[in-house]
Every structure is written in structure tokens, then in C-alpha cells.
>>> print(open('input.cif').read())   # mmCIF, C-alpha atoms
data_run
loop_
_atom_site.group_PDB
_atom_site.id
_atom_site.type_symbol
_atom_site.label_atom_id
_atom_site.label_comp_id
_atom_site.auth_asym_id
_atom_site.auth_seq_id
_atom_site.Cartn_x
_atom_site.Cartn_y
_atom_site.Cartn_z
ATOM 1 C CA MET A 19 0.000 0.000 0.000
ATOM 2 C CA LYS A 20 1.788 3.086 -1.230
ATOM 3 C CA TRP A 21 0.982 6.478 0.203
ATOM 4 C CA ASN A 22 2.583 9.143 -1.913
ATOM 5 C CA THR A 23 1.707 12.835 -1.851
ATOM 6 C CA HIS A 24 -0.905 12.477 -4.551
ATOM 7 C CA LYS A 25 -2.684 9.735 -2.690
ATOM 8 C CA ILE A 26 -2.682 11.747 0.534
ATOM 9 C CA ALA A 27 -4.164 14.698 -1.326
ATOM 10 C CA LEU A 28 -6.847 12.545 -2.927
ATOM 11 C CA MET A 29 -7.707 10.895 0.378
ATOM 12 C CA GLY A 30 -7.980 14.340 1.940
ATOM 13 C CA ILE A 31 -10.428 15.514 -0.702
ATOM 14 C CA LEU A 32 -12.521 12.356 -0.427
ATOM 15 C CA THR A 33 -12.588 12.538 3.365
ATOM 16 C CA ALA A 34 -13.661 16.176 3.216
ATOM 17 C CA GLY A 35 -16.387 15.196 0.756
ATOM 18 C CA ALA A 36 -17.676 12.484 3.065
ATOM 19 C CA ILE A 37 -17.669 14.888 6.027
ATOM 20 C CA ILE A 38 -19.544 17.571 4.117
ATOM 21 C CA ILE A 39 -22.181 15.129 2.904
ATOM 22 C CA ALA A 40 -22.606 13.785 6.425
ATOM 23 C CA ILE A 41 -23.039 17.247 7.929
ATOM 24 C CA LEU A 42 -25.512 18.356 5.286
ATOM 25 C CA GLU A 43 -27.630 15.258 5.701
ATOM 26 C CA SER A 44 -27.677 15.716 9.467
ATOM 27 C CA PHE A 45 -30.048 18.632 8.918
ATOM 28 C CA ILE A 46 -32.674 16.269 7.546
ATOM 29 C CA PRO A 47 -34.861 15.285 10.516
ATOM 30 C CA SER A 48 -35.087 11.618 11.369
ATOM 31 C CA ILE A 49 -38.363 9.796 11.946
ATOM 32 C CA GLY A 50 -39.134 9.027 15.555
ATOM 33 C CA ILE A 51 -35.646 8.310 16.820
ATOM 34 C CA PRO A 52 -33.267 11.232 16.971
ATOM 35 C CA GLY A 53 -29.891 10.434 15.443
ATOM 36 C CA VAL A 54 -30.790 7.929 12.751
ATOM 37 C CA LYS A 55 -29.402 9.288 9.527
ATOM 38 C CA LEU A 56 -29.704 8.488 5.845
ATOM 39 C CA GLY A 57 -26.076 7.531 5.403
ATOM 40 C CA LEU A 58 -25.377 9.345 2.137
ATOM 41 C CA ALA A 59 -21.669 9.681 2.971
ATOM 42 C CA ASN A 60 -21.479 5.992 2.173
ATOM 43 C CA ILE A 61 -21.241 6.976 -1.494
ATOM 44 C CA VAL A 62 -17.676 8.127 -0.846
ATOM 45 C CA ILE A 63 -16.845 5.156 1.377
ATOM 46 C CA LEU A 64 -18.071 2.702 -1.253
ATOM 47 C CA ILE A 65 -16.032 4.385 -3.975
ATOM 48 C CA ILE A 66 -12.919 4.170 -1.829
ATOM 49 C CA LEU A 67 -13.630 0.553 -0.931
ATOM 50 C CA TYR A 68 -14.050 -0.518 -4.523
ATOM 51 C CA GLU A 69 -11.492 1.684 -6.207
ATOM 52 C CA ILE A 70 -8.709 2.296 -3.731
ATOM 53 C CA GLY A 71 -8.598 -0.149 -0.860
ATOM 54 C CA ILE A 72 -10.083 -1.635 2.265
ATOM 55 C CA VAL A 73 -7.719 0.007 4.756
ATOM 56 C CA GLU A 74 -8.262 3.373 3.092
ATOM 57 C CA ALA A 75 -12.028 2.927 3.376
ATOM 58 C CA ILE A 76 -11.735 2.133 7.076
ATOM 59 C CA ILE A 77 -9.539 5.167 7.695
ATOM 60 C CA VAL A 78 -11.835 7.570 5.855
ATOM 61 C CA ASP A 79 -14.987 6.193 7.478
ATOM 62 C CA LEU A 80 -13.635 6.455 11.006
ATOM 63 C CA LEU A 81 -12.206 9.902 10.307
ATOM 64 C CA ARG A 82 -15.565 10.965 8.952
ATOM 65 C CA VAL A 83 -17.380 9.860 12.120
ATOM 66 C CA LEU A 84 -14.803 11.568 14.329
ATOM 67 C CA MET A 85 -14.727 14.834 12.387
ATOM 68 C CA VAL A 86 -18.499 15.126 12.102
ATOM 69 C CA GLY A 87 -18.725 14.518 15.853
ATOM 70 C CA LEU A 88 -16.171 17.238 16.545
ATOM 71 C CA LEU A 89 -17.639 19.714 14.078
ATOM 72 C CA ARG A 90 -21.206 19.278 15.253
ATOM 73 C CA GLY A 91 -20.252 19.136 18.899
ATOM 74 C CA THR A 92 -21.876 15.763 19.488
ATOM 75 C CA ILE A 93 -18.642 14.007 20.320
ATOM 76 C CA VAL A 94 -19.548 12.559 23.700
ATOM 77 C CA SER A 95 -23.259 12.124 23.141
ATOM 78 C CA MET A 96 -25.436 9.180 22.258
ATOM 79 C CA GLY A 97 -25.608 10.513 18.698
ATOM 80 C CA PHE A 98 -21.859 10.091 18.240
ATOM 81 C CA LEU A 99 -21.884 6.544 19.572
ATOM 82 C CA MET A 100 -24.822 5.748 17.303
ATOM 83 C CA SER A 101 -22.876 7.070 14.342
ATOM 84 C CA LEU A 102 -19.738 5.156 15.306
ATOM 85 C CA THR A 103 -21.505 1.853 15.885
ATOM 86 C CA GLY A 104 -23.475 2.223 12.675
ATOM 87 C CA ALA A 105 -20.319 2.990 10.717
ATOM 88 C CA VAL A 106 -18.360 0.092 12.209
ATOM 89 C CA LEU A 107 -21.121 -2.467 11.686
ATOM 90 C CA SER A 108 -21.928 -1.318 8.170
ATOM 91 C CA LEU A 109 -18.300 -1.100 7.081
ATOM 92 C CA GLY A 110 -17.634 -4.507 8.622
ATOM 93 C CA ILE A 111 -20.384 -6.222 6.676
ATOM 94 C CA MET A 112 -19.558 -4.356 3.461
ATOM 95 C CA ILE A 113 -15.905 -5.411 3.660
ATOM 96 C CA LEU A 114 -17.006 -8.975 4.352
ATOM 97 C CA LEU A 115 -19.321 -8.968 1.338
ATOM 98 C CA TYR A 116 -16.753 -7.290 -0.885
ATOM 99 C CA LEU A 117 -13.853 -9.544 0.090
ATOM 100 C CA VAL A 118 -15.373 -12.907 0.911
ATOM 101 C CA VAL A 119 -18.905 -13.205 -0.442
ATOM 102 C CA LYS A 120 -18.370 -11.944 -3.932
ATOM 103 C CA LYS A 121 -21.924 -12.495 -5.055
ATOM 104 C CA PHE A 122 -23.402 -9.024 -4.981
ATOM 105 C CA SER A 123 -22.772 -5.850 -6.894
ATOM 106 C CA ILE A 124 -21.962 -2.563 -5.268
ATOM 107 C CA VAL A 125 -25.687 -1.816 -5.009
ATOM 108 C CA GLY A 126 -26.388 -4.981 -3.031
ATOM 109 C CA VAL A 127 -23.403 -4.322 -0.770
ATOM 110 C CA SER A 128 -24.606 -0.766 -0.250
ATOM 111 C CA VAL A 129 -28.090 -1.925 0.790
ATOM 112 C CA VAL A 130 -26.763 -4.414 3.324
ATOM 113 C CA GLY A 131 -24.351 -1.779 4.626
ATOM 114 C CA SER A 132 -27.230 0.674 4.941
ATOM 115 C CA ILE A 133 -29.346 -1.781 6.939
ATOM 116 C CA PHE A 134 -26.497 -2.662 9.276
ATOM 117 C CA HIS A 135 -25.822 1.049 9.695
ATOM 118 C CA VAL A 136 -29.316 1.884 10.942
ATOM 119 C CA THR A 137 -29.461 -1.317 12.992
ATOM 120 C CA GLY A 138 -26.279 -0.302 14.811
ATOM 121 C CA GLN A 139 -27.714 3.158 15.442
ATOM 122 C CA ILE A 140 -30.992 1.769 16.788
ATOM 123 C CA LEU A 141 -29.235 -0.773 19.023
ATOM 124 C CA ILE A 142 -27.222 1.989 20.685
ATOM 125 C CA ALA A 143 -30.332 4.154 21.046
ATOM 126 C CA MET A 144 -32.119 1.235 22.696
ATOM 127 C CA ALA A 145 -29.190 0.583 25.016
ATOM 128 C CA PHE A 146 -28.825 4.222 26.033
ATOM 129 C CA LEU A 147 -32.495 4.948 26.564
ATOM 130 C CA GLY A 148 -33.069 1.537 28.080
ATOM 131 C CA THR A 149 -36.238 0.932 26.160
ATOM 132 C CA PRO A 150 -37.328 -1.716 23.705
ATOM 133 C CA TYR A 151 -40.111 0.533 22.364
ATOM 134 C CA ILE A 152 -37.794 2.193 19.870
ATOM 135 C CA VAL A 153 -37.959 -0.953 17.794
ATOM 136 C CA PHE A 154 -41.393 0.172 16.611
ATOM 137 C CA TYR A 155 -39.637 2.596 14.297
ATOM 138 C CA LEU A 156 -37.340 -0.031 12.825
ATOM 139 C CA PRO A 157 -39.678 -1.055 9.960
ATOM 140 C CA ILE A 158 -40.079 2.427 8.524
ATOM 141 C CA ILE A 159 -36.404 3.216 9.038
ATOM 142 C CA ALA A 160 -35.482 -0.103 7.391
ATOM 143 C CA VAL A 161 -37.576 0.716 4.314
ATOM 144 C CA SER A 162 -35.920 4.123 4.048
ATOM 145 C CA ALA A 163 -32.503 2.516 4.582
ATOM 146 C CA ILE A 164 -33.104 0.047 1.749
ATOM 147 C CA ILE A 165 -34.194 2.783 -0.646
ATOM 148 C CA THR A 166 -31.268 5.008 0.348
ATOM 149 C CA GLY A 167 -28.919 2.053 0.046
ATOM 150 C CA VAL A 168 -29.998 1.401 -3.521
ATOM 151 C CA LEU A 169 -29.619 5.067 -4.493
ATOM 152 C CA VAL A 170 -26.218 5.355 -2.801
ATOM 153 C CA GLY A 171 -25.046 2.189 -4.542
ATOM 154 C CA ILE A 172 -26.203 3.411 -7.932
ATOM 155 C CA VAL A 173 -24.548 6.811 -7.508
ATOM 156 C CA ALA A 174 -21.295 5.180 -6.365
ATOM 157 C CA GLN A 175 -21.381 2.843 -9.334
ATOM 158 C CA LEU A 176 -21.973 5.707 -11.761
ATOM 159 C CA ILE A 177 -19.040 7.637 -10.340
ATOM 160 C CA ILE A 178 -16.799 4.576 -10.488
ATOM 161 C CA ARG A 179 -17.825 3.987 -14.102
ATOM 162 C CA THR A 180 -16.618 7.469 -15.121
ATOM 163 C CA GLY A 181 -13.154 6.209 -14.244
ATOM 164 C CA VAL A 182 -12.200 9.340 -12.312
ATOM 165 C CA ILE A 183 -10.455 7.505 -9.492
ATOM 166 C CA LYS A 184 -8.931 4.917 -11.814
ATOM 167 C CA LYS A 185 -7.261 7.639 -13.871
ATOM 168 C CA GLN A 186 -5.807 9.182 -10.732
ATOM 169 C CA LYS A 187 -4.479 5.809 -9.647
ATOM 170 C CA GLU A 188 -2.796 5.126 -12.965
ATOM 171 C CA LYS A 189 -1.441 8.626 -13.396
ATOM 172 C CA TYR A 190 0.095 8.914 -9.968
ATOM 173 C CA LYS A 191 0.849 5.251 -9.426
ATOM 174 C CA PHE A 192 -0.846 4.231 -6.244
ATOM 175 C CA MET B 16 -23.261 -5.837 -15.039
ATOM 176 C CA ASP B 17 -23.056 -9.619 -14.777
ATOM 177 C CA LYS B 18 -26.516 -11.240 -14.996
ATOM 178 C CA LYS B 19 -25.908 -13.595 -12.085
ATOM 179 C CA VAL B 20 -24.758 -10.751 -9.838
ATOM 180 C CA LEU B 21 -27.773 -8.673 -10.846
ATOM 181 C CA ARG B 22 -30.067 -11.572 -10.018
ATOM 182 C CA ASN B 23 -28.407 -12.016 -6.611
ATOM 183 C CA ASP B 24 -28.826 -8.319 -5.971
ATOM 184 C CA LEU B 25 -32.494 -8.353 -6.860
ATOM 185 C CA ILE B 26 -33.180 -11.370 -4.655
ATOM 186 C CA LEU B 27 -31.333 -9.753 -1.768
ATOM 187 C CA ILE B 28 -32.965 -6.333 -2.052
ATOM 188 C CA GLY B 29 -36.343 -7.845 -2.844
ATOM 189 C CA SER B 30 -36.400 -10.106 0.207
ATOM 190 C CA LEU B 31 -35.133 -7.355 2.502
ATOM 191 C CA LEU B 32 -37.789 -5.001 1.180
ATOM 192 C CA VAL B 33 -40.523 -7.595 1.624
ATOM 193 C CA LEU B 34 -39.422 -8.235 5.210
ATOM 194 C CA ALA B 35 -39.334 -4.534 5.980
ATOM 195 C CA VAL B 36 -42.724 -3.842 4.397
ATOM 196 C CA ILE B 37 -44.371 -6.769 6.188
ATOM 197 C CA SER B 38 -43.042 -5.607 9.556
ATOM 198 C CA LEU B 39 -44.119 -2.063 8.709
ATOM 199 C CA VAL B 40 -47.659 -3.224 7.934
ATOM 200 C CA LEU B 41 -47.724 -5.236 11.164
ATOM 201 C CA VAL B 42 -46.615 -2.255 13.230
ATOM 202 C CA LEU B 43 -49.168 0.001 11.578
ATOM 203 C CA THR B 44 -52.157 -2.339 11.862
ATOM 204 C CA LEU B 45 -51.636 -4.329 15.060
ATOM 205 C CA LYS B 46 -52.704 -1.803 17.585
ATOM 206 C CA THR B 47 -55.322 -1.456 20.300
ATOM 207 C CA LYS B 48 -57.804 1.252 19.580
ATOM 208 C CA LYS B 49 -59.785 1.643 22.741
ATOM 209 C CA ASN B 50 -59.025 2.329 26.375
ATOM 210 C CA LEU B 51 -55.638 3.787 25.737
ATOM 211 C CA VAL B 52 -53.252 4.716 28.487
ATOM 212 C CA ALA B 53 -50.109 6.784 28.067
ATOM 213 C CA LYS B 54 -47.092 5.910 30.153
ATOM 214 C CA VAL B 55 -44.398 8.519 30.569
ATOM 215 C CA TYR B 56 -40.948 7.110 31.291
ATOM 216 C CA VAL B 57 -37.851 8.903 32.457
ATOM 217 C CA GLN B 58 -34.813 6.658 31.993
ATOM 218 C CA ASN B 59 -36.853 3.493 31.947
ATOM 219 C CA GLU B 60 -38.952 4.287 35.001
ATOM 220 C CA VAL B 61 -42.615 5.146 34.792
ATOM 221 C CA VAL B 62 -43.189 8.600 36.249
ATOM 222 C CA GLU B 63 -46.710 9.254 35.033
ATOM 223 C CA VAL B 64 -49.618 7.162 33.824
ATOM 224 C CA ILE B 65 -52.293 9.075 31.949
ATOM 225 C CA ASP B 66 -55.691 7.685 31.040
ATOM 226 C CA LEU B 67 -56.276 8.931 27.515
ATOM 227 C CA SER B 68 -59.797 7.555 27.188
ATOM 228 C CA LYS B 69 -60.971 10.317 29.505
ATOM 229 C CA LYS B 70 -60.049 12.831 26.790
ATOM 230 C CA GLU B 71 -58.999 15.439 29.292
ATOM 231 C CA GLU B 72 -57.099 18.536 28.318
ATOM 232 C CA LYS B 73 -54.308 18.788 30.832
ATOM 233 C CA ASP B 74 -50.673 19.833 31.263
ATOM 234 C CA TYR B 75 -47.987 17.685 32.815
ATOM 235 C CA TYR B 76 -44.459 18.673 33.715
ATOM 236 C CA VAL B 77 -41.882 15.936 33.900
ATOM 237 C CA GLN B 78 -38.323 16.272 35.137
ATOM 238 C CA GLY B 79 -36.065 14.773 32.514
ATOM 239 C CA LEU B 80 -32.330 14.157 32.554
ATOM 240 C CA LYS B 81 -31.349 17.627 31.378
ATOM 241 C CA GLY B 82 -34.378 19.722 32.097
ATOM 242 C CA GLN B 83 -38.122 19.919 32.362
ATOM 243 C CA VAL B 84 -40.368 18.495 29.676
ATOM 244 C CA HIS B 85 -43.839 19.914 29.185
ATOM 245 C CA ILE B 86 -46.438 17.371 28.112
ATOM 246 C CA HIS B 87 -49.994 18.135 27.082
ATOM 247 C CA THR B 88 -52.985 15.888 26.537
ATOM 248 C CA LYS B 89 -55.916 16.799 24.347
ATOM 249 C CA ASN B 90 -58.788 14.829 22.803
ATOM 250 C CA GLY B 91 -57.294 11.485 23.732
ATOM 251 C CA GLY B 92 -53.904 12.370 22.305
ATOM 252 C CA ILE B 93 -50.635 13.282 23.948
ATOM 253 C CA ALA B 94 -47.695 15.415 22.897
ATOM 254 C CA ILE B 95 -44.490 16.927 24.162
ATOM 255 C CA VAL B 96 -45.062 20.633 23.658
ATOM 256 C CA GLU B 97 -41.911 22.035 25.188
ATOM 257 C CA SER B 98 -38.501 20.624 25.827
ATOM 258 C CA ASN B 99 -34.974 21.995 26.146
ATOM 259 C CA CYS B 100 -33.478 19.508 23.709
ATOM 260 C CA PRO B 101 -31.426 20.870 20.786
ATOM 261 C CA HIS B 102 -33.117 19.006 17.944
ATOM 262 C CA GLN B 103 -36.746 19.313 19.068
ATOM 263 C CA ASP B 104 -37.557 16.024 17.289
ATOM 264 C CA CYS B 105 -39.930 15.139 20.118
ATOM 265 C CA VAL B 106 -41.788 18.440 19.949
ATOM 266 C CA ASN B 107 -42.023 18.265 16.157
ATOM 267 C CA MET B 108 -43.687 14.909 16.424
ATOM 268 C CA GLY B 109 -46.871 16.523 17.602
ATOM 269 C CA TYR B 110 -49.868 14.750 19.067
ATOM 270 C CA VAL B 111 -49.973 10.970 19.089
ATOM 271 C CA TYR B 112 -53.294 9.167 19.405
ATOM 272 C CA GLU B 113 -52.293 5.558 18.755
ATOM 273 C CA THR B 114 -50.166 2.761 20.124
ATOM 274 C CA ASN B 115 -46.937 1.804 18.339
ATOM 275 C CA ARG B 116 -45.763 5.397 18.066
ATOM 276 C CA PRO B 117 -43.536 6.232 21.000
ATOM 277 C CA ILE B 118 -42.561 9.865 21.480
ATOM 278 C CA ILE B 119 -38.890 9.943 22.352
ATOM 279 C CA CYS B 120 -36.815 12.784 23.740
ATOM 280 C CA ALA B 121 -33.345 11.263 23.778
ATOM 281 C CA TYR B 122 -31.698 14.356 25.282
ATOM 282 C CA ASN B 123 -33.813 14.106 28.425
ATOM 283 C CA ALA B 124 -34.273 10.322 28.338
ATOM 284 C CA VAL B 125 -38.010 10.950 28.411
ATOM 285 C CA TYR B 126 -40.318 8.821 26.344
ATOM 286 C CA ILE B 127 -44.051 8.373 26.122
ATOM 287 C CA VAL B 128 -45.616 5.076 25.150
ATOM 288 C CA ILE B 129 -49.324 4.535 24.530
ATOM 289 C CA GLU B 130 -50.729 1.156 25.470
ATOM 290 C CA GLY B 131 -54.080 -0.515 25.854
ATOM 291 C CA LYS B 132 -55.486 -0.499 29.384
ATOM 292 C CA ALA B 133 -55.277 -4.271 29.574
ATOM 293 C CA ASN B 134 -51.510 -3.830 29.997
ATOM 294 C CA PHE B 135 -52.027 -1.487 32.864
ATOM 295 C CA ASP B 136 -50.497 -2.740 36.095
ATOM 296 C CA VAL B 137 -51.791 -1.131 39.202
ATOM 297 C CA GLU B 138 -48.819 0.091 41.168
ATOM 298 C CA ILE B 139 -49.095 1.143 44.753
#
>>> encode(input="input.cif", output="C-alpha cells")
Amino acid sequence: MKWNTHKIALMGILTAGAIIIAILESFIPSIGIPGVKLGLANIVILIILYEIGIVEAIIVDLLRVLMVGLLRGTIVSMGFLMSLTGAVLSLGIMILLYLVVKKFSIVGVSVVGSIFHVTGQILIAMAFLGTPYIVFYLPIIAVSAIITGVLVGIVAQLIIRTGVIKKQKEKYKF
Amino acid sequence: MDKKVLRNDLILIGSLLVLAVISLVLVLTLKTKKNLVAKVYVQNEVVEVIDLSKKEEKDYYVQGLKGQVHIHTKNGGIAIVESNCPHQDCVNMGYVYETNRPIICAYNAVYIVIEGKANFDVEI
């Protein structure tokens, strides 16, 4: 895994992109449970996972969660832990599907990642608030997660198809 | 895209969607309609039990984790009308008249759950 200056610069831009998307989408209110988000930043994470590398995807995802927490001031709250758990679970399953179970396209991987993301968020919300009643909102959030997952996967695939990242990789040799 | 991969994708997304929609329909339809009681919890402990079938218009003030939460009942429904939480998700939810729709204020660890009276345990 080579990290030359060009790669660092590219990673910086992609991380910033993921952070910006995450902050913008945090202004969209969530249904019923505060803190459950759409997960649009996954577009960037998926592109990195498929085009650059697994370790890079992990780094950018964790950085995104940390930076959004710091920028929005939620760093020690339930919302931050929800975000972190969701990101870890979703990235974990996406890496597993990408590396081991090579049966789904990026759209399928995105949908599963999306579902694991909201499940992680809801589990933390249930643990923190100590109530099982939150699970009533899981069905509607799951439907929205599936739809978002499909859209995110399609957008990521379209961006990958333009070959933007590939050209950067070839030109700067990483 | 490879046909086999596309088919796998469709099966995956299709089955997930079916599962989600079925559970959504269940949550929306399986509910008690009469003799509803609202239970107000602060951090998993019941602090207030309100009989909604009486259709009273009344104010309740509950001490949450980070401040006071103002609850109002009207026409058999209940709502959080004021709260010091930053997102105001709970206030924006408005009045709830049915079971299966908990009102949650995560900031104050206050939540309101509506149940049928049959679930009502008399506590002394």
C-alpha cells in the first residue's frame, strides 16, 4: 500500500467530501428516533472501498465519524456513539461482502451496509435509553434505509464507471 | 453488469424489502384502539400514567435528565409541547393518538408510550 503525496491529497479531498455530505444530511430530521441518519456519505466510502482499498475505506470512514462529531459538537453524546456503531457495523459487513462473499454488486453491498448502519444506530439508542419501544420505528427506518442504500449504490457505481479515481491511480501510481 | 450478480442483488434487495414492508404493515395495523393509556418514562422508570380515554385537556411537567419536559394531553392524544433539547424532534412529532408510536426525547431520556389499558399494572 503506497501512500505518496498524490494519494494523501486525494484521500484528503474524499474525506472532506464524506464529512460535508454527512453534515448536510444531518439537517434532515429523522423519523421518531433522533440520530438515525440516511447515510449518504457511504457513497464516498463505497467508492474508496471498490477503487482504492479496504484500509483506506476504514480510515476515511472512522475519520468521517470523528470529524463530524467534533464539528457538530456531538462528540460525547449518544448521537456520536450511534454514528460510530453504525459505521463500524456497516463497514464490517460491506468489507465482508466485498472480500469474501463476492456475489453481490456494489448496489447490493450498499443496501446491506445501509441496513447494518441503521441497525447499529438503533441498538445503541435502545441501550442508552433503556427501552425496547424504539424498535417500533425499525420497519419504517429499514424501508428508508433500503431505498437510500440502492440510491447510494447506484450513484457510487456511476461515479466509479466514469473512471475518475482509476485515472488518478494510474497517473500517480498508487 | 453480470446477470448472475444482478439476479443475486435483486433477490437480496427484494427479500429485505418484503421483510421490511411486512413488519411495517404489522406495526401500523396491530394496535389497540380503545381504552388507551399513556405511560411517561424517564430513563426506563414510569413517572406518570395518563388515562387517555378520559379525553382530558391537561398539562404535565416531567423532570427529565437535562431539564423539564412539558407534556400536554388533548382529545385522547398526547404530545411533548416544550422541551430543552437541541433538535426538538420530540416536539415536532406533535400529538400521538395511537399505540406503536412512541414519542422519544433522547436528550432528556423521556419517552411516552401509549398502550391498551389491559396492559395497565396497578402500582401502589
>>> resolve_selection(input="input.cif", expression="the PyMOL selection byres ((chain A and resi 132) around 9)", output="list in words")
Leu56, Gly57, Asn60, Gly104, Ser108, Val127, Ser128, Val129, Val130, Gly131, Ile133, Phe134, His135, Val136, Thr137, Ala160, Ala163, Ile164, Thr166, Gly167 and Val168 of chain A
>>> atom_distance(input="input.cif", atom1="atom CA of A:Ser44", atom2="atom CA of B:Leu39")
24.2 Å
>>> residues_near_point(input="input.cif", point="(-48.2, 19.6, 21.9)", cutoff="12 Å", atoms="all atoms listed in the file", output="mmCIF file with C-alpha atoms, in the coordinates of the input")
data_model
loop_
_atom_site.group_PDB
_atom_site.id
_atom_site.type_symbol
_atom_site.label_atom_id
_atom_site.label_comp_id
_atom_site.auth_asym_id
_atom_site.auth_seq_id
_atom_site.Cartn_x
_atom_site.Cartn_y
_atom_site.Cartn_z
ATOM 1 C CA GLU B 72 -57.099 18.536 28.318
ATOM 2 C CA LYS B 73 -54.308 18.788 30.832
ATOM 3 C CA ASP B 74 -50.673 19.833 31.263
ATOM 4 C CA TYR B 75 -47.987 17.685 32.815
ATOM 5 C CA VAL B 84 -40.368 18.495 29.676
ATOM 6 C CA HIS B 85 -43.839 19.914 29.185
ATOM 7 C CA ILE B 86 -46.438 17.371 28.112
ATOM 8 C CA HIS B 87 -49.994 18.135 27.082
ATOM 9 C CA THR B 88 -52.985 15.888 26.537
ATOM 10 C CA LYS B 89 -55.916 16.799 24.347
ATOM 11 C CA ASN B 90 -58.788 14.829 22.803
ATOM 12 C CA GLY B 92 -53.904 12.370 22.305
ATOM 13 C CA ILE B 93 -50.635 13.282 23.948
ATOM 14 C CA ALA B 94 -47.695 15.415 22.897
ATOM 15 C CA ILE B 95 -44.490 16.927 24.162
ATOM 16 C CA VAL B 96 -45.062 20.633 23.658
ATOM 17 C CA GLU B 97 -41.911 22.035 25.188
ATOM 18 C CA SER B 98 -38.501 20.624 25.827
ATOM 19 C CA GLN B 103 -36.746 19.313 19.068
ATOM 20 C CA CYS B 105 -39.930 15.139 20.118
ATOM 21 C CA VAL B 106 -41.788 18.440 19.949
ATOM 22 C CA ASN B 107 -42.023 18.265 16.157
ATOM 23 C CA MET B 108 -43.687 14.909 16.424
ATOM 24 C CA GLY B 109 -46.871 16.523 17.602
ATOM 25 C CA TYR B 110 -49.868 14.750 19.067
ATOM 26 C CA VAL B 111 -49.973 10.970 19.089
ATOM 27 C CA TYR B 112 -53.294 9.167 19.405
ATOM 28 C CA ILE B 118 -42.561 9.865 21.480
#
>>> interface_residues(input="input.cif", of="chain B", to="chain A", cutoff="10 Å", atoms="all atoms listed in the file", output="PyMOL selection string")
chain B and resi 16-17+19-29+31-43+56-60+102-105+107-108+114-128
>>> closest_residue(input="input.cif", among="A:Ala75, A:Gly138, A:Arg179, A:Ile31", to="A:Ser101", atoms="all atoms listed in the file")
A:Gly138
>>> atom_distance(input="input.cif", atom1="atom CA of B:Cys100", atom2="atom CA of B:Gly82")
8.4 Å
>>> atom_distance(input="input.cif", atom1="atom CA of A:Ile46", atom2="atom CA of A:Gln175")
24.3 Å
>>> residues_near_point(input="input.cif", point="(-9.2, 12.9, -1.0)", cutoff="12 Å", atoms="all atoms listed in the file", output="PDB file with C-alpha atoms, keeping the file's coordinate frame")
ATOM      1  CA  THR A  23       1.707  12.835  -1.851  1.00  0.00           C
ATOM      2  CA  HIS A  24      -0.905  12.477  -4.551  1.00  0.00           C
ATOM      3  CA  LYS A  25      -2.684   9.735  -2.690  1.00  0.00           C
ATOM      4  CA  ILE A  26      -2.682  11.747   0.534  1.00  0.00           C
ATOM      5  CA  ALA A  27      -4.164  14.698  -1.326  1.00  0.00           C
ATOM      6  CA  LEU A  28      -6.847  12.545  -2.927  1.00  0.00           C
ATOM      7  CA  MET A  29      -7.707  10.895   0.378  1.00  0.00           C
ATOM      8  CA  GLY A  30      -7.980  14.340   1.940  1.00  0.00           C
ATOM      9  CA  ILE A  31     -10.428  15.514  -0.702  1.00  0.00           C
ATOM     10  CA  LEU A  32     -12.521  12.356  -0.427  1.00  0.00           C
ATOM     11  CA  THR A  33     -12.588  12.538   3.365  1.00  0.00           C
ATOM     12  CA  ALA A  34     -13.661  16.176   3.216  1.00  0.00           C
ATOM     13  CA  GLY A  35     -16.387  15.196   0.756  1.00  0.00           C
ATOM     14  CA  ALA A  36     -17.676  12.484   3.065  1.00  0.00           C
ATOM     15  CA  ILE A  37     -17.669  14.888   6.027  1.00  0.00           C
ATOM     16  CA  VAL A  62     -17.676   8.127  -0.846  1.00  0.00           C
ATOM     17  CA  ILE A  63     -16.845   5.156   1.377  1.00  0.00           C
ATOM     18  CA  ILE A  65     -16.032   4.385  -3.975  1.00  0.00           C
ATOM     19  CA  ILE A  66     -12.919   4.170  -1.829  1.00  0.00           C
ATOM     20  CA  ILE A  70      -8.709   2.296  -3.731  1.00  0.00           C
ATOM     21  CA  GLU A  74      -8.262   3.373   3.092  1.00  0.00           C
ATOM     22  CA  ALA A  75     -12.028   2.927   3.376  1.00  0.00           C
ATOM     23  CA  ILE A  77      -9.539   5.167   7.695  1.00  0.00           C
ATOM     24  CA  VAL A  78     -11.835   7.570   5.855  1.00  0.00           C
ATOM     25  CA  ARG A  82     -15.565  10.965   8.952  1.00  0.00           C
ATOM     26  CA  ILE A 183     -10.455   7.505  -9.492  1.00  0.00           C
ATOM     27  CA  GLN A 186      -5.807   9.182 -10.732  1.00  0.00           C
TER      28      GLN A 186
END
>>> residues_around(input="input.cif", residues="A:Leu99", least_positions_apart="4", cutoff="8 Å", atoms="all atoms listed in the file", output="list in words")
Val94, Ser95, Thr103, Gln139 and Ile142 of chain A
>>> closest_residue(input="input.cif", among="A:Ile111, A:Ile177, A:Val106, A:Ile41", to="A:Glu69", atoms="all atoms listed in the file")
A:Ile177
>>> resolve_selection(input="input.cif", expression="the PyMOL selection byres ((chain B and resi 47) around 9)", output="ChimeraX atom specification")
/B:45-46,48-51,113-114,130-131
>>> closest_residue(input="input.cif", among="A:Val73, A:Ile140, A:Ile61, A:Leu88", to="A:Leu176", atoms="only C-alpha atoms")
A:Ile61
>>> decode(input="input.cif", residues="stretch 95-104 of chain B", atoms="N, CA and C atoms", output="CSV table (one decimal), in the first residue's frame")
chain,number,residue,atom,x,y,z
B,95,ILE,N,-45.5,16.1,23.4
B,95,ILE,CA,-44.5,16.9,24.2
B,95,ILE,C,-44.6,18.3,23.5
B,96,VAL,N,-44.9,19.3,24.3
B,96,VAL,CA,-45.1,20.6,23.7
B,96,VAL,C,-43.8,21.5,23.9
B,97,GLU,N,-43.1,21.2,24.9
B,97,GLU,CA,-41.9,22.0,25.2
B,97,GLU,C,-40.8,21.2,25.8
B,98,SER,N,-39.6,21.4,25.3
B,98,SER,CA,-38.5,20.6,25.8
B,98,SER,C,-37.2,21.4,25.5
B,99,ASN,N,-36.2,21.2,26.4
B,99,ASN,CA,-35.0,22.0,26.1
B,99,ASN,C,-34.0,21.2,25.3
B,100,CYS,N,-34.4,20.3,24.5
B,100,CYS,CA,-33.5,19.5,23.7
B,100,CYS,C,-33.1,20.3,22.4
B,101,PRO,N,-31.9,20.1,21.9
B,101,PRO,CA,-31.4,20.9,20.8
B,101,PRO,C,-32.1,20.6,19.5
B,102,HIS,N,-32.5,19.3,19.2
B,102,HIS,CA,-33.1,19.0,17.9
B,102,HIS,C,-34.6,19.2,17.9
B,103,GLN,N,-35.3,19.2,19.0
B,103,GLN,CA,-36.7,19.3,19.1
B,103,GLN,C,-37.5,18.3,18.2
B,104,ASP,N,-36.9,17.1,18.0
B,104,ASP,CA,-37.6,16.0,17.3
B,104,ASP,C,-38.8,15.6,18.0
